[in-house]
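Q: Before I ask anything, let me first share the structure, which is written out below as structure tokens.
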Protein chains: 2
Amino acid sequence: MSASPLLLELVEALRCMPGIGRKSAQRITYHLLQRNRDGARKLSRALLDAVDNIGHCERCRTFSEDRICALCQSSKRDNSLLCIVESPADVYVVEESGFRGLYFVLMGHLSPLDGIGPEDLGLDTLEQLLAEGEVGEVILATGTTVEGEATAHFISEMVHKKNLRVSRIAHGVPMGGELEYVDSSTMSHAIAGRREL
Amino acid sequence: MSASPLLLELVEALRCMPGIGRKSAQRITYHLLQRNRDGARKLSRALLDAVDNIGHCERCRTFSEDRICALCQSSKRDNSLLCIVESPADVYVVEESGFRGLYFVLMGHLSPLDGIGPEDLGLDTLEQLLAEGEVGEVILATGTTVEGEATAHFISEMVHKKNLRVSRIAHGVPMGGELEYVDSSTMSHAIAGRREL
């Protein structure tokens, strides 16, 4: 196929995005060239701006173009609550739920096989944060995978040593979910975590 | 949500791509920032290179960064066959089938309601091409929509006036397709277009 080399390069470059295979990349390429060159220019600019300027907040480690992110700088947050999540995307989800405390983003989870230890998750930074004395309760919202659970366990031990309260978000039947389709592991969590009415 | 403004801008910019909604755009943004900044930089470059340099071949109107595309320049093609398609993406599909003639890309189809007439499809350029006298047969591979059929009909009249052969690609049951799932319009084309064995 003797198509334009720049076109083929763009098809190839688009595949750095998760969920975009060769066919989608081709469709996107033709669409942008034929109908939305302005959009493509803006996207090019936005990509470069983002990767060149977005780093990590020095306090909570989430993505931020400032040294300290807007959330950590805000005076409207409840400094006594610290929610620990695995990724910046998780911050977004917890934030949507109405949580108004602060966050700490691990940027991963403990995974000895992949060589990811406590220092890679910034747990020394977390230790300093807890030593400041403002945090009263740590809420663990790491994933429900084996690694997520192990990470939650590791951090809970660390927080206990400081005589602070530590909790884990509830696992159970999702809202709007039909019991019929709930897996047995979720159901056993839902039953074990039942609340008296 | 007080996320990084540059991050939100990137999420928004990614939505210029067809099939990418807000959720996918977020997932892509986090993925690129967290795991593939090099890929994002390359993509930014490839987008700009493509939209700034890719124009249309003066002969066949397909996407090309050269005045005349590689295909039209090639000496290995059969100049007597000219396949007419609606978009550069279609060239790719016909090319994959092993066709070795030349192409003419309409970059659309006749659509009076949208104000797309013969001049927008470069039919004057096509007329010149046919007048050069090299083309012996025009193969119409426009779409199977009403507009695609109307476009094919319009061009076939034009070619007939020049006393050249003109043909339409066959429509019928796709290879590997099960008869059970074939729609009635396709089946009626398949029966009308049957060949004696």
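Chain lettering (A, B, ...) mirrors the order of the structure tokens, residue numbering begins at 1 for each chain separately, and ligand numbering begins at 1 in order of display.
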Could you pull the residues within 10 Å of segment 54-67 of chain B, counting only C-alpha atoms, minus those fewer than 3 positions along the same chain, as a PyMOL selection string?
A: (chain A and resi 3-7+30+33-34) or (chain B and resi 48-51+70-73+82+84-89+91+102-107+121-122+125-126+128-129)
Q: May I have the selected residues written with C-alpha atoms, as a CSV table (one decimal), in the first residue's frame?
A:
```
chain,number,residue,atom,x,y,z
A,3,ALA,CA,-0.3,5.7,1.0
A,4,SER,CA,1.1,9.0,2.2
A,5,PRO,CA,3.9,8.2,4.6
A,6,LEU,CA,2.8,11.0,7.0
A,7,LEU,CA,-0.7,9.5,7.0
A,30,TYR,CA,-9.3,10.0,7.7
A,33,LEU,CA,-7.9,15.1,7.6
A,34,GLN,CA,-11.2,15.3,5.9
B,48,LEU,CA,0.7,18.5,13.1
B,49,ASP,CA,2.9,17.0,10.4
B,50,ALA,CA,-0.2,15.4,8.9
B,51,VAL,CA,-2.6,18.4,8.9
B,70,ALA,CA,2.9,7.8,-5.2
B,71,LEU,CA,0.1,5.7,-6.7
B,72,CYS,CA,-0.5,8.0,-9.7
B,73,GLN,CA,3.3,8.4,-10.2
B,82,LEU,CA,-9.8,3.9,-13.3
B,84,ILE,CA,-13.9,5.8,-8.7
B,85,VAL,CA,-14.4,5.8,-4.9
B,86,GLU,CA,-15.9,8.3,-2.4
B,87,SER,CA,-13.0,8.6,0.0
B,88,PRO,CA,-9.3,7.9,0.5
B,89,ALA,CA,-10.2,5.2,3.0
B,91,VAL,CA,-8.8,3.4,-1.9
B,102,LEU,CA,-5.6,3.9,-10.9
B,103,TYR,CA,-8.1,5.7,-8.7
B,104,PHE,CA,-10.1,8.8,-8.7
B,105,VAL,CA,-11.4,10.0,-5.3
B,106,LEU,CA,-14.5,12.1,-5.2
B,107,MET,CA,-14.1,13.1,-1.5
B,121,LEU,CA,-16.5,16.2,-6.4
B,122,GLY,CA,-13.9,17.3,-8.9
B,125,THR,CA,-10.8,17.1,-13.1
B,126,LEU,CA,-12.2,13.6,-13.9
B,128,GLN,CA,-9.8,16.1,-18.1
B,129,LEU,CA,-8.4,12.8,-17.0
```
Q: Please return as a list in words: the residues of chain B that backbone DSSP assigns to strand (DSSP E or B).
A: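 Filtering chain B down to strand (DSSP E or B) leaves Gly55, His56, Phe63, Ser64, Asp78, Asn79, Ser80, Leu81, Leu82, Cys83, Ile84, Val85, Gly101, Leu102, Tyr103, Phe104, Val105, Ser111, Ile116, Glu137, Val138, Ile139, Leu140, Arg165, Val166, Ser167 and Arg168 of chain B.
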Q: Grab the atom CA of Lys162 of chain B to atom CA of Glu134 of chain B distance for me, in Å with one decimal place.
A: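 Computing the Euclidean distance for atom CA of Lys162 of chain B and atom CA of Glu134 of chain B yields 12.4 Å.
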Q: Which is closest to chain B among A:Cys83, A:Tyr92, A:Arg77, A:Gly21, if we use only C-alpha atoms?
A: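 Of the candidates, the smallest distance to chain B is held by A:Tyr92.
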Q: Smallest atom-to-atom distance to chain B: which of A:Ile169, A:Val146, A:Leu197, A:Ile68, using only C-alpha atoms?
A: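 When distances to chain B are compared using only C-alpha atoms, the smallest one comes from A:Ile68.
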Q: Apply DSSP to the backbone of this structure and, from segment 50-83 of chain B, keep only the residues in helix (DSSP H, G or I); write these as JSON, numbers by chain.
A: {"B": [50, 51, 52, 53, 70, 71, 72, 73]}
Q: Which residue is closest to chain A? Choose from B:Arg168, B:His160, B:Ala13, B:Pro112 and count only C-alpha atoms.
A: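 Of all the options, B:Ala13 lies closest to chain A.
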Q: Could you jot down the atom CA of Ser167 of chain A to atom CA of Gly117 of chain A separation for me, Å, one decimal place?
A: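 Taking atom CA of Ser167 of chain A as the start and atom CA of Gly117 of chain A as the end point, the length is 21.9 Å.
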Q: Quick one: distance from atom CA of Pro18 of chain A to atom CA of His31 of chain B in Å, one decimal?
A: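 Value for the atom CA of Pro18 of chain A-atom CA of His31 of chain B distance: 7.3 Å.
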